[in-house]
>>> print(open('coords.cif').read())   # mmCIF, C-alpha atoms and all ligand atoms; chains and numbers go by the auth columns
data_data
#
loop_
_atom_site.group_PDB
_atom_site.id
_atom_site.type_symbol
_atom_site.label_atom_id
_atom_site.label_comp_id
_atom_site.label_asym_id
_atom_site.label_seq_id
_atom_site.Cartn_x
_atom_site.Cartn_y
_atom_site.Cartn_z
_atom_site.B_iso_or_equiv
_atom_site.auth_seq_id
_atom_site.auth_asym_id
ATOM 1 C CA MET A 1 15.527 -0.295 -26.158 0.00 26 D
ATOM 2 C CA LYS A 2 14.623 1.533 -22.978 0.00 27 D
ATOM 3 C CA PHE A 3 15.213 -0.029 -19.561 0.00 28 D
ATOM 4 C CA THR A 4 13.530 1.054 -16.324 0.00 29 D
ATOM 5 C CA ILE A 5 14.585 -0.458 -13.027 0.00 30 D
ATOM 6 C CA LEU A 6 11.225 -0.850 -11.279 0.00 31 D
ATOM 7 C CA GLY A 7 12.549 -2.000 -7.927 0.00 32 D
ATOM 8 C CA THR A 8 15.922 -2.584 -6.287 0.00 33 D
ATOM 9 C CA GLY A 9 14.987 -3.892 -2.843 0.00 34 D
ATOM 10 C CA THR A 10 15.552 -7.271 -1.319 0.00 35 D
ATOM 11 C CA SER A 11 12.558 -9.438 -0.382 0.00 36 D
ATOM 12 C CA THR A 12 11.403 -7.240 2.536 0.00 37 D
ATOM 13 C CA GLY A 13 11.407 -4.026 0.527 0.00 38 D
ATOM 14 C CA ILE A 14 13.136 -0.992 2.036 0.00 39 D
ATOM 15 C CA PRO A 15 12.150 0.511 4.422 0.00 40 D
ATOM 16 C CA CYS A 16 11.780 -2.823 6.124 0.00 41 D
ATOM 17 C CA VAL A 17 8.636 -3.091 8.248 0.00 42 D
ATOM 18 C CA ALA A 18 9.337 -2.403 11.936 0.00 43 D
ATOM 19 C CA CYS A 19 12.970 -1.340 11.359 0.00 44 D
ATOM 20 C CA THR A 20 14.425 1.919 12.681 0.00 45 D
ATOM 21 C CA CYS A 21 17.908 1.672 11.115 0.00 46 D
ATOM 22 C CA ALA A 22 19.574 4.597 9.315 0.00 47 D
ATOM 23 C CA THR A 23 18.559 3.312 5.854 0.00 48 D
ATOM 24 C CA CYS A 24 14.963 2.505 6.764 0.00 49 D
ATOM 25 C CA THR A 25 14.483 5.982 8.274 0.00 50 D
ATOM 26 C CA SER A 26 16.530 7.821 5.606 0.00 51 D
ATOM 27 C CA ASP A 27 15.278 10.934 3.790 0.00 52 D
ATOM 28 C CA ASP A 28 17.220 9.959 0.652 0.00 53 D
ATOM 29 C CA PRO A 29 14.707 8.692 -1.955 0.00 54 D
ATOM 30 C CA LYS A 30 17.409 6.273 -3.181 0.00 55 D
ATOM 31 C CA ASP A 31 17.133 4.455 0.160 0.00 56 D
ATOM 32 C CA THR A 32 13.495 3.534 -0.598 0.00 57 D
ATOM 33 C CA ARG A 33 13.420 0.314 -2.594 0.00 58 D
ATOM 34 C CA LEU A 34 10.444 -1.587 -3.978 0.00 59 D
ATOM 35 C CA ARG A 35 10.930 -5.278 -4.655 0.00 60 D
ATOM 36 C CA THR A 36 13.336 -6.150 -7.496 0.00 61 D
ATOM 37 C CA SER A 37 11.942 -5.955 -11.052 0.00 62 D
ATOM 38 C CA LEU A 38 12.786 -4.589 -14.507 0.00 63 D
ATOM 39 C CA LEU A 39 10.857 -3.071 -17.431 0.00 64 D
ATOM 40 C CA VAL A 40 12.248 -3.518 -20.971 0.00 65 D
ATOM 41 C CA GLN A 41 10.662 -1.566 -23.842 0.00 66 D
ATOM 42 C CA SER A 42 11.242 -1.234 -27.573 0.00 67 D
ATOM 43 C CA GLU A 43 9.119 0.929 -29.907 0.00 68 D
ATOM 44 C CA THR A 44 6.556 -1.872 -30.129 0.00 69 D
ATOM 45 C CA THR A 45 7.171 -4.307 -27.274 0.00 70 D
ATOM 46 C CA THR A 46 6.954 -4.125 -23.473 0.00 71 D
ATOM 47 C CA ILE A 47 8.425 -6.844 -21.250 0.00 72 D
ATOM 48 C CA VAL A 48 8.313 -7.012 -17.448 0.00 73 D
ATOM 49 C CA VAL A 49 10.818 -9.205 -15.630 0.00 74 D
ATOM 50 C CA ASP A 50 9.014 -10.810 -12.668 0.00 75 D
ATOM 51 C CA THR A 51 5.720 -9.780 -11.037 0.00 76 D
ATOM 52 C CA SER A 52 7.141 -8.488 -7.797 0.00 77 D
ATOM 53 C CA ALA A 53 5.293 -7.982 -4.530 0.00 78 D
ATOM 54 C CA ASP A 54 5.112 -4.305 -5.575 0.00 79 D
ATOM 55 C CA PHE A 55 3.994 -4.992 -9.170 0.00 80 D
ATOM 56 C CA ARG A 56 0.785 -2.924 -8.967 0.00 81 D
ATOM 57 C CA GLN A 57 2.573 0.128 -7.615 0.00 82 D
ATOM 58 C CA GLN A 58 5.371 -0.279 -10.173 0.00 83 D
ATOM 59 C CA MET A 59 2.912 -0.427 -13.087 0.00 84 D
ATOM 60 C CA LEU A 60 1.099 2.704 -11.827 0.00 85 D
ATOM 61 C CA LEU A 61 4.281 4.686 -11.112 0.00 86 D
ATOM 62 C CA ASN A 62 5.609 3.979 -14.605 0.00 87 D
ATOM 63 C CA ALA A 63 2.259 4.279 -16.429 0.00 88 D
ATOM 64 C CA VAL A 64 2.613 0.859 -18.061 0.00 89 D
ATOM 65 C CA ARG A 65 -0.510 0.363 -20.224 0.00 90 D
ATOM 66 C CA THR A 66 0.215 -2.898 -22.023 0.00 91 D
ATOM 67 C CA ILE A 67 2.468 -5.895 -21.473 0.00 92 D
ATOM 68 C CA ASP A 68 3.569 -8.176 -24.314 0.00 93 D
ATOM 69 C CA GLY A 69 5.338 -10.661 -22.080 0.00 94 D
ATOM 70 C CA ILE A 70 6.374 -11.426 -18.521 0.00 95 D
ATOM 71 C CA VAL A 71 9.688 -13.195 -18.041 0.00 96 D
ATOM 72 C CA TYR A 72 10.317 -14.865 -14.673 0.00 97 D
ATOM 73 C CA THR A 73 13.728 -15.254 -13.062 0.00 98 D
ATOM 74 C CA HIS A 74 12.649 -17.762 -10.395 0.00 99 D
ATOM 75 C CA HIS A 75 9.835 -18.730 -8.052 0.00 100 D
ATOM 76 C CA HIS A 76 10.640 -16.843 -4.820 0.00 101 D
ATOM 77 C CA TYR A 77 7.640 -14.983 -3.452 0.00 102 D
ATOM 78 C CA ASP A 78 9.140 -11.498 -3.837 0.00 103 D
ATOM 79 C CA HIS A 79 9.357 -12.194 -7.607 0.00 104 D
ATOM 80 C CA ILE A 80 5.969 -13.845 -8.235 0.00 105 D
ATOM 81 C CA SER A 81 3.515 -12.470 -5.676 0.00 106 D
ATOM 82 C CA GLY A 82 2.269 -9.616 -7.883 0.00 107 D
ATOM 83 C CA PHE A 83 0.885 -12.174 -10.377 0.00 108 D
ATOM 84 C CA ASP A 84 -2.760 -11.541 -9.401 0.00 109 D
ATOM 85 C CA ASP A 85 -2.310 -7.829 -10.173 0.00 110 D
ATOM 86 C CA THR A 86 -1.711 -8.643 -13.856 0.00 111 D
ATOM 87 C CA ARG A 87 -5.510 -8.970 -14.201 0.00 112 D
ATOM 88 C CA PRO A 88 -6.213 -5.430 -15.459 0.00 113 D
ATOM 89 C CA PHE A 89 -3.843 -5.976 -18.390 0.00 114 D
ATOM 90 C CA THR A 90 -6.103 -8.781 -19.628 0.00 115 D
ATOM 91 C CA PHE A 91 -9.346 -6.928 -18.740 0.00 116 D
ATOM 92 C CA PHE A 92 -8.230 -4.065 -21.008 0.00 117 D
ATOM 93 C CA ASN A 93 -6.924 -6.362 -23.746 0.00 118 D
ATOM 94 C CA ASP A 94 -10.030 -8.365 -24.714 0.00 119 D
ATOM 95 C CA ASP A 95 -9.212 -11.045 -22.086 0.00 120 D
ATOM 96 C CA ILE A 96 -6.223 -12.170 -24.130 0.00 121 D
ATOM 97 C CA PRO A 97 -3.902 -14.029 -21.724 0.00 122 D
ATOM 98 C CA ILE A 98 -0.480 -12.471 -21.100 0.00 123 D
ATOM 99 C CA LYS A 99 2.422 -14.486 -22.464 0.00 124 D
ATOM 100 C CA CYS A 100 4.574 -15.651 -19.542 0.00 125 D
ATOM 101 C CA PHE A 101 7.956 -17.342 -19.808 0.00 126 D
ATOM 102 C CA ALA A 102 9.379 -19.324 -16.896 0.00 127 D
ATOM 103 C CA LEU A 103 11.496 -22.255 -15.842 0.00 128 D
ATOM 104 C CA GLN A 104 9.476 -25.398 -15.075 0.00 129 D
ATOM 105 C CA GLN A 105 9.855 -24.984 -11.298 0.00 130 D
ATOM 106 C CA THR A 106 8.844 -21.314 -11.436 0.00 131 D
ATOM 107 C CA HIS A 107 5.731 -22.181 -13.441 0.00 132 D
ATOM 108 C CA ASP A 108 4.847 -24.996 -11.034 0.00 133 D
ATOM 109 C CA VAL A 109 5.130 -22.789 -7.945 0.00 134 D
ATOM 110 C CA ILE A 110 3.033 -20.017 -9.582 0.00 135 D
ATOM 111 C CA ARG A 111 0.364 -22.658 -10.340 0.00 136 D
ATOM 112 C CA GLN A 112 0.390 -23.888 -6.750 0.00 137 D
ATOM 113 C CA THR A 113 0.318 -20.350 -5.345 0.00 138 D
ATOM 114 C CA PHE A 114 -2.489 -19.084 -7.619 0.00 139 D
ATOM 115 C CA PRO A 115 -4.523 -22.271 -8.415 0.00 140 D
ATOM 116 C CA TYR A 116 -7.638 -20.240 -9.277 0.00 141 D
ATOM 117 C CA ALA A 117 -5.837 -18.808 -12.316 0.00 142 D
ATOM 118 C CA PHE A 118 -5.304 -22.277 -13.746 0.00 143 D
ATOM 119 C CA GLY A 119 -8.817 -23.703 -14.051 0.00 144 D
ATOM 120 C CA GLN A 120 -9.223 -24.564 -10.382 0.00 145 D
ATOM 121 C CA ALA A 121 -11.481 -21.686 -9.326 0.00 146 D
ATOM 122 C CA GLU A 122 -13.869 -22.352 -6.429 0.00 147 D
ATOM 123 C CA GLN A 123 -16.523 -20.314 -8.177 0.00 148 D
ATOM 124 C CA ILE A 124 -16.876 -18.881 -11.668 0.00 149 D
ATOM 125 C CA GLY A 125 -17.408 -15.124 -11.905 0.00 150 D
ATOM 126 C CA GLY A 126 -14.464 -13.433 -10.201 0.00 151 D
ATOM 127 C CA GLY A 127 -11.738 -12.022 -12.390 0.00 152 D
ATOM 128 C CA VAL A 128 -8.679 -14.226 -12.502 0.00 153 D
ATOM 129 C CA PRO A 129 -5.263 -13.633 -14.064 0.00 154 D
ATOM 130 C CA GLY A 130 -5.015 -14.758 -17.670 0.00 155 D
ATOM 131 C CA ALA A 131 -1.586 -16.223 -18.301 0.00 156 D
ATOM 132 C CA ASP A 132 -0.309 -18.265 -21.215 0.00 157 D
ATOM 133 C CA PHE A 133 2.860 -19.938 -19.961 0.00 158 D
ATOM 134 C CA THR A 134 5.776 -21.133 -22.055 0.00 159 D
ATOM 135 C CA ILE A 135 8.298 -23.279 -20.178 0.00 160 D
ATOM 136 C CA ILE A 136 11.806 -22.180 -21.020 0.00 161 D
ATOM 137 C CA ASP A 137 15.305 -23.368 -20.165 0.00 162 D
ATOM 138 C CA ASP A 138 18.395 -21.835 -21.749 0.00 163 D
ATOM 139 C CA GLU A 139 17.304 -21.362 -25.383 0.00 164 D
ATOM 140 C CA PRO A 140 16.805 -17.780 -26.642 0.00 165 D
ATOM 141 C CA PHE A 141 13.246 -16.757 -27.527 0.00 166 D
ATOM 142 C CA MET A 142 11.427 -13.718 -28.938 0.00 167 D
ATOM 143 C CA ILE A 143 8.801 -11.490 -27.355 0.00 168 D
ATOM 144 C CA GLY A 144 7.604 -9.095 -30.061 0.00 169 D
ATOM 145 C CA ASP A 145 10.762 -7.638 -31.580 0.00 170 D
ATOM 146 C CA ILE A 146 12.977 -8.273 -28.515 0.00 171 D
ATOM 147 C CA GLU A 147 15.229 -11.330 -28.326 0.00 172 D
ATOM 148 C CA VAL A 148 15.513 -12.728 -24.792 0.00 173 D
ATOM 149 C CA ILE A 149 18.582 -14.821 -23.973 0.00 174 D
ATOM 150 C CA PRO A 150 18.383 -16.873 -20.741 0.00 175 D
ATOM 151 C CA ILE A 151 21.486 -16.801 -18.534 0.00 176 D
ATOM 152 C CA PRO A 152 21.460 -19.912 -16.275 0.00 177 D
ATOM 153 C CA MET A 153 22.726 -19.106 -12.749 0.00 178 D
ATOM 154 C CA LYS A 154 22.680 -20.546 -9.217 0.00 179 D
ATOM 155 C CA HIS A 155 20.857 -18.864 -6.308 0.00 180 D
ATOM 156 C CA GLY A 156 22.035 -20.976 -3.401 0.00 181 D
ATOM 157 C CA LEU A 157 20.896 -24.463 -4.320 0.00 182 D
ATOM 158 C CA ILE A 158 18.324 -23.494 -6.936 0.00 183 D
ATOM 159 C CA ARG A 159 18.673 -22.815 -10.650 0.00 184 D
ATOM 160 C CA VAL A 160 17.476 -19.391 -11.708 0.00 185 D
ATOM 161 C CA ASN A 161 17.608 -17.451 -14.962 0.00 186 D
ATOM 162 C CA GLY A 162 19.215 -14.125 -15.633 0.00 187 D
ATOM 163 C CA TYR A 163 18.366 -12.595 -19.015 0.00 188 D
ATOM 164 C CA ARG A 164 20.184 -10.737 -21.752 0.00 189 D
ATOM 165 C CA PHE A 165 18.355 -8.217 -23.965 0.00 190 D
ATOM 166 C CA GLY A 166 20.734 -6.889 -26.638 0.00 191 D
ATOM 167 C CA ASN A 167 23.768 -5.507 -24.808 0.00 192 D
ATOM 168 C CA VAL A 168 22.053 -5.349 -21.426 0.00 193 D
ATOM 169 C CA ALA A 169 21.886 -8.247 -18.958 0.00 194 D
ATOM 170 C CA TYR A 170 19.835 -8.667 -15.799 0.00 195 D
ATOM 171 C CA CYS A 171 21.295 -11.058 -13.250 0.00 196 D
ATOM 172 C CA THR A 172 19.440 -10.794 -9.954 0.00 197 D
ATOM 173 C CA ASP A 173 19.103 -13.371 -7.170 0.00 198 D
ATOM 174 C CA THR A 174 22.351 -15.198 -7.684 0.00 199 D
ATOM 175 C CA ASN A 175 25.552 -16.021 -5.852 0.00 200 D
ATOM 176 C CA HIS A 176 27.102 -18.041 -8.667 0.00 201 D
ATOM 177 C CA ILE A 177 27.255 -17.375 -12.402 0.00 202 D
ATOM 178 C CA PRO A 178 28.925 -20.379 -14.083 0.00 203 D
ATOM 179 C CA LEU A 179 31.618 -19.875 -16.715 0.00 204 D
ATOM 180 C CA SER A 180 29.286 -21.103 -19.476 0.00 205 D
ATOM 181 C CA SER A 181 26.954 -18.220 -18.582 0.00 206 D
ATOM 182 C CA ILE A 182 29.758 -15.683 -18.250 0.00 207 D
ATOM 183 C CA ASP A 183 30.478 -16.499 -21.919 0.00 208 D
ATOM 184 C CA LYS A 184 26.973 -15.191 -22.698 0.00 209 D
ATOM 185 C CA LEU A 185 27.724 -11.919 -20.880 0.00 210 D
ATOM 186 C CA GLN A 186 30.535 -10.675 -23.102 0.00 211 D
ATOM 187 C CA GLY A 187 30.394 -7.226 -24.716 0.00 212 D
ATOM 188 C CA LEU A 188 27.738 -5.789 -22.407 0.00 213 D
ATOM 189 C CA GLU A 189 27.022 -2.085 -22.223 0.00 214 D
ATOM 190 C CA VAL A 190 25.094 -2.543 -18.976 0.00 215 D
ATOM 191 C CA LEU A 191 24.995 -5.379 -16.449 0.00 216 D
ATOM 192 C CA ILE A 192 22.440 -5.302 -13.632 0.00 217 D
ATOM 193 C CA LEU A 193 23.772 -7.602 -10.913 0.00 218 D
ATOM 194 C CA ASP A 194 22.703 -8.949 -7.515 0.00 219 D
ATOM 195 C CA ALA A 195 24.547 -7.292 -4.583 0.00 220 D
ATOM 196 C CA LEU A 196 22.654 -7.798 -1.334 0.00 221 D
ATOM 197 C CA ARG A 197 24.856 -6.420 1.484 0.00 222 D
ATOM 198 C CA TYR A 198 28.382 -6.392 2.919 0.00 223 D
ATOM 199 C CA HIS A 199 28.325 -9.599 4.954 0.00 224 D
ATOM 200 C CA PRO A 200 27.982 -13.073 3.390 0.00 225 D
ATOM 201 C CA HIS A 201 24.660 -14.635 2.448 0.00 226 D
ATOM 202 C CA PRO A 202 24.016 -18.209 1.264 0.00 227 D
ATOM 203 C CA THR A 203 22.086 -17.192 -1.876 0.00 228 D
ATOM 204 C CA HIS A 204 23.167 -13.661 -2.873 0.00 229 D
ATOM 205 C CA TYR A 205 26.399 -11.911 -3.834 0.00 230 D
ATOM 206 C CA THR A 206 27.894 -9.520 -1.305 0.00 231 D
ATOM 207 C CA ILE A 207 29.080 -6.090 -2.484 0.00 232 D
ATOM 208 C CA GLU A 208 32.648 -7.414 -2.552 0.00 233 D
ATOM 209 C CA GLU A 209 31.680 -10.529 -4.551 0.00 234 D
ATOM 210 C CA ALA A 210 29.628 -8.382 -6.923 0.00 235 D
ATOM 211 C CA ASN A 211 32.654 -6.101 -7.441 0.00 236 D
ATOM 212 C CA GLU A 212 34.712 -9.183 -8.379 0.00 237 D
ATOM 213 C CA MET A 213 32.041 -10.443 -10.785 0.00 238 D
ATOM 214 C CA ALA A 214 31.623 -6.996 -12.325 0.00 239 D
ATOM 215 C CA THR A 215 35.376 -6.842 -12.938 0.00 240 D
ATOM 216 C CA MET A 216 35.358 -10.314 -14.504 0.00 241 D
ATOM 217 C CA ILE A 217 32.340 -9.672 -16.754 0.00 242 D
ATOM 218 C CA ASN A 218 33.615 -6.168 -17.561 0.00 243 D
ATOM 219 C CA ALA A 219 30.431 -4.475 -18.771 0.00 244 D
ATOM 220 C CA GLN A 220 30.828 -0.767 -19.548 0.00 245 D
ATOM 221 C CA THR A 221 28.562 -0.035 -16.562 0.00 246 D
ATOM 222 C CA THR A 222 27.342 -2.354 -13.797 0.00 247 D
ATOM 223 C CA TYR A 223 24.363 -1.508 -11.572 0.00 248 D
ATOM 224 C CA TYR A 224 23.712 -3.414 -8.346 0.00 249 D
ATOM 225 C CA THR A 225 20.225 -4.482 -7.319 0.00 250 D
ATOM 226 C CA HIS A 226 18.298 -6.604 -4.750 0.00 251 D
ATOM 227 C CA ILE A 227 19.802 -4.384 -2.058 0.00 252 D
ATOM 228 C CA ALA A 228 19.219 -4.940 1.659 0.00 253 D
ATOM 229 C CA HIS A 229 18.725 -2.282 4.346 0.00 254 D
ATOM 230 C CA GLN A 230 22.305 -2.658 5.588 0.00 255 D
ATOM 231 C CA ILE A 231 23.275 -0.651 2.476 0.00 256 D
ATOM 232 C CA LYS A 232 22.818 3.110 2.658 0.00 257 D
ATOM 233 C CA HIS A 233 22.915 4.365 -0.921 0.00 258 D
ATOM 234 C CA ALA A 234 25.130 7.453 -0.626 0.00 259 D
ATOM 235 C CA GLU A 235 27.705 5.792 1.664 0.00 260 D
ATOM 236 C CA CYS A 236 28.069 2.582 -0.357 0.00 261 D
ATOM 237 C CA GLU A 237 28.108 4.383 -3.721 0.00 262 D
ATOM 238 C CA LYS A 238 31.293 6.283 -2.746 0.00 263 D
ATOM 239 C CA GLU A 239 33.209 3.036 -2.171 0.00 264 D
ATOM 240 C CA LEU A 240 32.369 1.236 -5.409 0.00 265 D
ATOM 241 C CA PRO A 241 34.756 0.750 -8.354 0.00 266 D
ATOM 242 C CA ALA A 242 34.551 3.451 -11.051 0.00 267 D
ATOM 243 C CA ASN A 243 32.193 1.644 -13.440 0.00 268 D
ATOM 244 C CA CYS A 244 29.958 0.129 -10.712 0.00 269 D
ATOM 245 C CA HIS A 245 26.971 1.867 -9.159 0.00 270 D
ATOM 246 C CA LEU A 246 24.058 1.041 -6.911 0.00 271 D
ATOM 247 C CA ALA A 247 20.840 1.020 -8.922 0.00 272 D
ATOM 248 C CA TYR A 248 17.821 2.832 -7.523 0.00 273 D
ATOM 249 C CA ASP A 249 14.106 2.640 -8.201 0.00 274 D
ATOM 250 C CA GLY A 250 13.136 4.458 -11.385 0.00 275 D
ATOM 251 C CA LEU A 251 16.638 4.460 -12.886 0.00 276 D
ATOM 252 C CA GLN A 252 16.255 4.554 -16.686 0.00 277 D
ATOM 253 C CA PHE A 253 18.700 4.173 -19.542 0.00 278 D
ATOM 254 C CA GLU A 254 18.523 3.581 -23.278 0.00 279 D
ATOM 255 C CA VAL A 255 20.711 1.280 -25.327 0.00 280 D
ATOM 256 C CA THR A 256 20.605 1.093 -29.126 0.00 281 D
HETATM 257 ZN ZN ZN B . 14.545 -11.938 -4.561 0.00 1 A
HETATM 258 ZN ZN ZN B . 16.423 -1.155 8.384 0.00 2 A
HETATM 259 ZN ZN ZN B . 15.303 -15.315 -4.738 0.00 3 A
#
>>> encode(input="coords.cif", output="structure tokens")
Amino acid sequence: MKFTILGTGTSTGIPCVACTCATCTSDDPKDTRLRTSLLVQSETTTIVVDTSADFRQQMLLNAVRTIDGIVYTHHHYDHISGFDDTRPFTFFNDDIPIKCFALQQTHDVIRQTFPYAFGQAEQIGGGVPGADFTIIDDEPFMIGDIEVIPIPMKHGLIRVNGYRFGNVAYCTDTNHIPLSSIDKLQGLEVLILDALRYHPHPTHYTIEEANEMATMINAQTTYYTHIAHQIKHAECEKELPANCHLAYDGLQFEVT
């Protein structure tokens, strides 16, 4: 399986509009971060995790031509707002709806946000997203030849899902992974983990908390994502434990 980190930025994206800080004005390409998302590909199957606010740009940059399934982590706008830009994938695939997998609340918020895609169009004739939703919880499911294992987590007060694909897990937008979920994260080659910034936040891990979680979960390599503009890539990277790194947009790796 091949993994491409499509975006590593927190909800504002980096640079942050109207900000003149050292990260937002940096020349280092690793300080430019689209909104958080992941591409997972086998020989025959392509999965996108979340339709971020930068979904269109991410699909173009990575020349994604087909999608076999979209897996949602949760309903926050930075993770769902690219939903309308899934339309070309159905236009070029005989109008076959894209299989989408989401928690009940995530599905409900997507329906409320994009009512025209769910049989409530004001007028027939415009192209609307075609999505075939399956409500999931914590049971593993298949998309093509890839098994997807939900990892229940807390993101402040709300329940979100991380996901495990083989020996890689994606745990963004969380500040608490319960022990029952840590059991599902054993033997990982790569963990991609939320690490927002240095100072505390009510719904995201700090760098220090992420370091503690990375040590506990003990993947061979841990990459941090959903990074805020207080983090300058080169400076933060130097201070991280040996097997922990900041992810950056376009980072790719393969796992057998
Ligand atoms: Zn987010
Ligand atoms: Zn800034
Ligand atoms: Zn969130």
>>> resolve_selection(input="coords.cif", expression="the PyMOL selection byres (((chain D and resi 231) around 12) and not hetatm)", output="JSON, numbers by chain")
{"D": [198, 199, 200, 201, 218, 219, 220, 221, 222, 223, 224, 225, 226, 227, 228, 229, 230, 232, 233, 234, 235, 236, 237, 238, 239, 249, 250, 251, 252, 253, 255, 256]}
>>> resolve_selection(input="coords.cif", expression="the PyMOL selection byres (((not hetatm)) within 8 of (chain A and resi 1))", output="PDB file with C-alpha atoms, in the frame of the given file")
ATOM      1  CA  THR D  35      15.552  -7.271  -1.319  1.00  0.00           C
ATOM      2  CA  SER D  36      12.558  -9.438  -0.382  1.00  0.00           C
ATOM      3  CA  ARG D  60      10.930  -5.278  -4.655  1.00  0.00           C
ATOM      4  CA  THR D  61      13.336  -6.150  -7.496  1.00  0.00           C
ATOM      5  CA  HIS D 101      10.640 -16.843  -4.820  1.00  0.00           C
ATOM      6  CA  TYR D 102       7.640 -14.983  -3.452  1.00  0.00           C
ATOM      7  CA  ASP D 103       9.140 -11.498  -3.837  1.00  0.00           C
ATOM      8  CA  HIS D 104       9.357 -12.194  -7.607  1.00  0.00           C
ATOM      9  CA  THR D 197      19.440 -10.794  -9.954  1.00  0.00           C
ATOM     10  CA  ASP D 198      19.103 -13.371  -7.170  1.00  0.00           C
ATOM     11  CA  HIS D 251      18.298  -6.604  -4.750  1.00  0.00           C
TER      12      HIS D 251
END
>>> resolve_selection(input="coords.cif", expression="the PyMOL selection byres (((chain D and resi 171-180) around 7) and not hetatm)", output="tab-separated table (two decimals) with C-alpha atoms, in the coordinates of the input")
chain	number	residue	atom	x	y	z
D	163	ASP	CA	18.40	-21.84	-21.75
D	164	GLU	CA	17.30	-21.36	-25.38
D	165	PRO	CA	16.80	-17.78	-26.64
D	166	PHE	CA	13.25	-16.76	-27.53
D	167	MET	CA	11.43	-13.72	-28.94
D	168	ILE	CA	8.80	-11.49	-27.36
D	169	GLY	CA	7.60	-9.10	-30.06
D	170	ASP	CA	10.76	-7.64	-31.58
D	181	GLY	CA	22.04	-20.98	-3.40
D	182	LEU	CA	20.90	-24.46	-4.32
D	183	ILE	CA	18.32	-23.49	-6.94
D	184	ARG	CA	18.67	-22.82	-10.65
D	185	VAL	CA	17.48	-19.39	-11.71
D	186	ASN	CA	17.61	-17.45	-14.96
D	187	GLY	CA	19.22	-14.12	-15.63
D	188	TYR	CA	18.37	-12.60	-19.02
D	189	ARG	CA	20.18	-10.74	-21.75
D	190	PHE	CA	18.36	-8.22	-23.96
D	198	ASP	CA	19.10	-13.37	-7.17
D	199	THR	CA	22.35	-15.20	-7.68
D	200	ASN	CA	25.55	-16.02	-5.85
D	201	HIS	CA	27.10	-18.04	-8.67
D	202	ILE	CA	27.26	-17.38	-12.40
D	203	PRO	CA	28.92	-20.38	-14.08
D	206	SER	CA	26.95	-18.22	-18.58
D	228	THR	CA	22.09	-17.19	-1.88
D	229	HIS	CA	23.17	-13.66	-2.87
>>> closest_residue(input="coords.cif", among="D:Val215, D:Gln245, D:Asp157, D:His254", to="ligand ZN 2 (chain A)", atoms="only C-alpha atoms and all ligand atoms")
D:His254
>>> closest_residue(input="coords.cif", among="D:Cys196, D:Leu31, D:Met26, D:Ile72", to="ligand ZN 3 (chain A)", atoms="all atoms listed in the file")
D:Cys196
>>> atom_distance(input="coords.cif", atom1="atom CA of D:Gly152", atom2="atom CA of D:His99")
25.1 Å
>>> residues_near_ligand(input="coords.cif", ligand="ligand ZN 2 (chain A)", cutoff="6 Å", atoms="only C-alpha atoms and all ligand atoms", output="number ranges by chain")
D: 41, 44-46, 48-49, 254
>>> atom_distance(input="coords.cif", atom1="atom CA of D:Asp120", atom2="atom CA of D:Val134")
23.3 Å
>>> atom_distance(input="coords.cif", atom1="atom CA of D:Thr37", atom2="atom CA of D:Asp79")
10.7 Å
>>> residues_around(input="coords.cif", residues="stretch 264-274 of chain D", least_positions_apart="5", cutoff="6 Å", atoms="only C-alpha atoms", output="ChimeraX atom specification")
/D:30-33,55,246-250
>>> residues_around(input="coords.cif", residues="D:Val280", least_positions_apart="2", cutoff="8 Å", atoms="all atoms listed in the file", output="mmCIF file with C-alpha atoms, keeping the file's coordinate frame")
data_model
loop_
_atom_site.group_PDB
_atom_site.id
_atom_site.type_symbol
_atom_site.label_atom_id
_atom_site.label_comp_id
_atom_site.auth_asym_id
_atom_site.auth_seq_id
_atom_site.Cartn_x
_atom_site.Cartn_y
_atom_site.Cartn_z
ATOM 1 C CA MET D 26 15.527 -0.295 -26.158
ATOM 2 C CA LYS D 27 14.623 1.533 -22.978
ATOM 3 C CA ASN D 192 23.768 -5.507 -24.808
ATOM 4 C CA VAL D 193 22.053 -5.349 -21.426
ATOM 5 C CA GLU D 214 27.022 -2.085 -22.223
ATOM 6 C CA PHE D 278 18.700 4.173 -19.542
#
>>> closest_residue(input="coords.cif", among="D:Ile105, D:Val73, D:Ile95, D:Val42", to="ligand ZN 3 (chain A)", atoms="only C-alpha atoms and all ligand atoms")
D:Ile105
>>> decode(input="coords.cif", residues="stretch 40-44 of chain D", atoms="N, CA, C and O atoms", output="short mmCIF file (atom, residue, chain, number, x, y, z; two decimals), in the first residue's frame")
data_model
loop_
_atom_site.label_atom_id
_atom_site.label_comp_id
_atom_site.auth_asym_id
_atom_site.auth_seq_id
_atom_site.Cartn_x
_atom_site.Cartn_y
_atom_site.Cartn_z
N PRO D 40 0.03 29.06 4.91
CA PRO D 40 -0.14 30.23 5.75
C PRO D 40 -1.60 30.52 6.09
O PRO D 40 -2.51 30.24 5.31
N CYS D 41 -1.75 31.10 7.26
CA CYS D 41 -3.04 31.51 7.77
C CYS D 41 -3.37 32.89 7.18
O CYS D 41 -2.50 33.76 7.17
N VAL D 42 -4.55 33.04 6.65
CA VAL D 42 -4.95 34.32 6.06
C VAL D 42 -4.67 35.46 7.04
O VAL D 42 -4.95 35.33 8.24
N ALA D 43 -4.08 36.50 6.56
CA ALA D 43 -3.86 37.76 7.30
C ALA D 43 -2.76 37.66 8.36
O ALA D 43 -2.58 38.59 9.14
N CYS D 44 -2.01 36.57 8.39
CA CYS D 44 -0.96 36.41 9.41
C CYS D 44 0.42 36.73 8.81
O CYS D 44 0.71 36.37 7.67
#
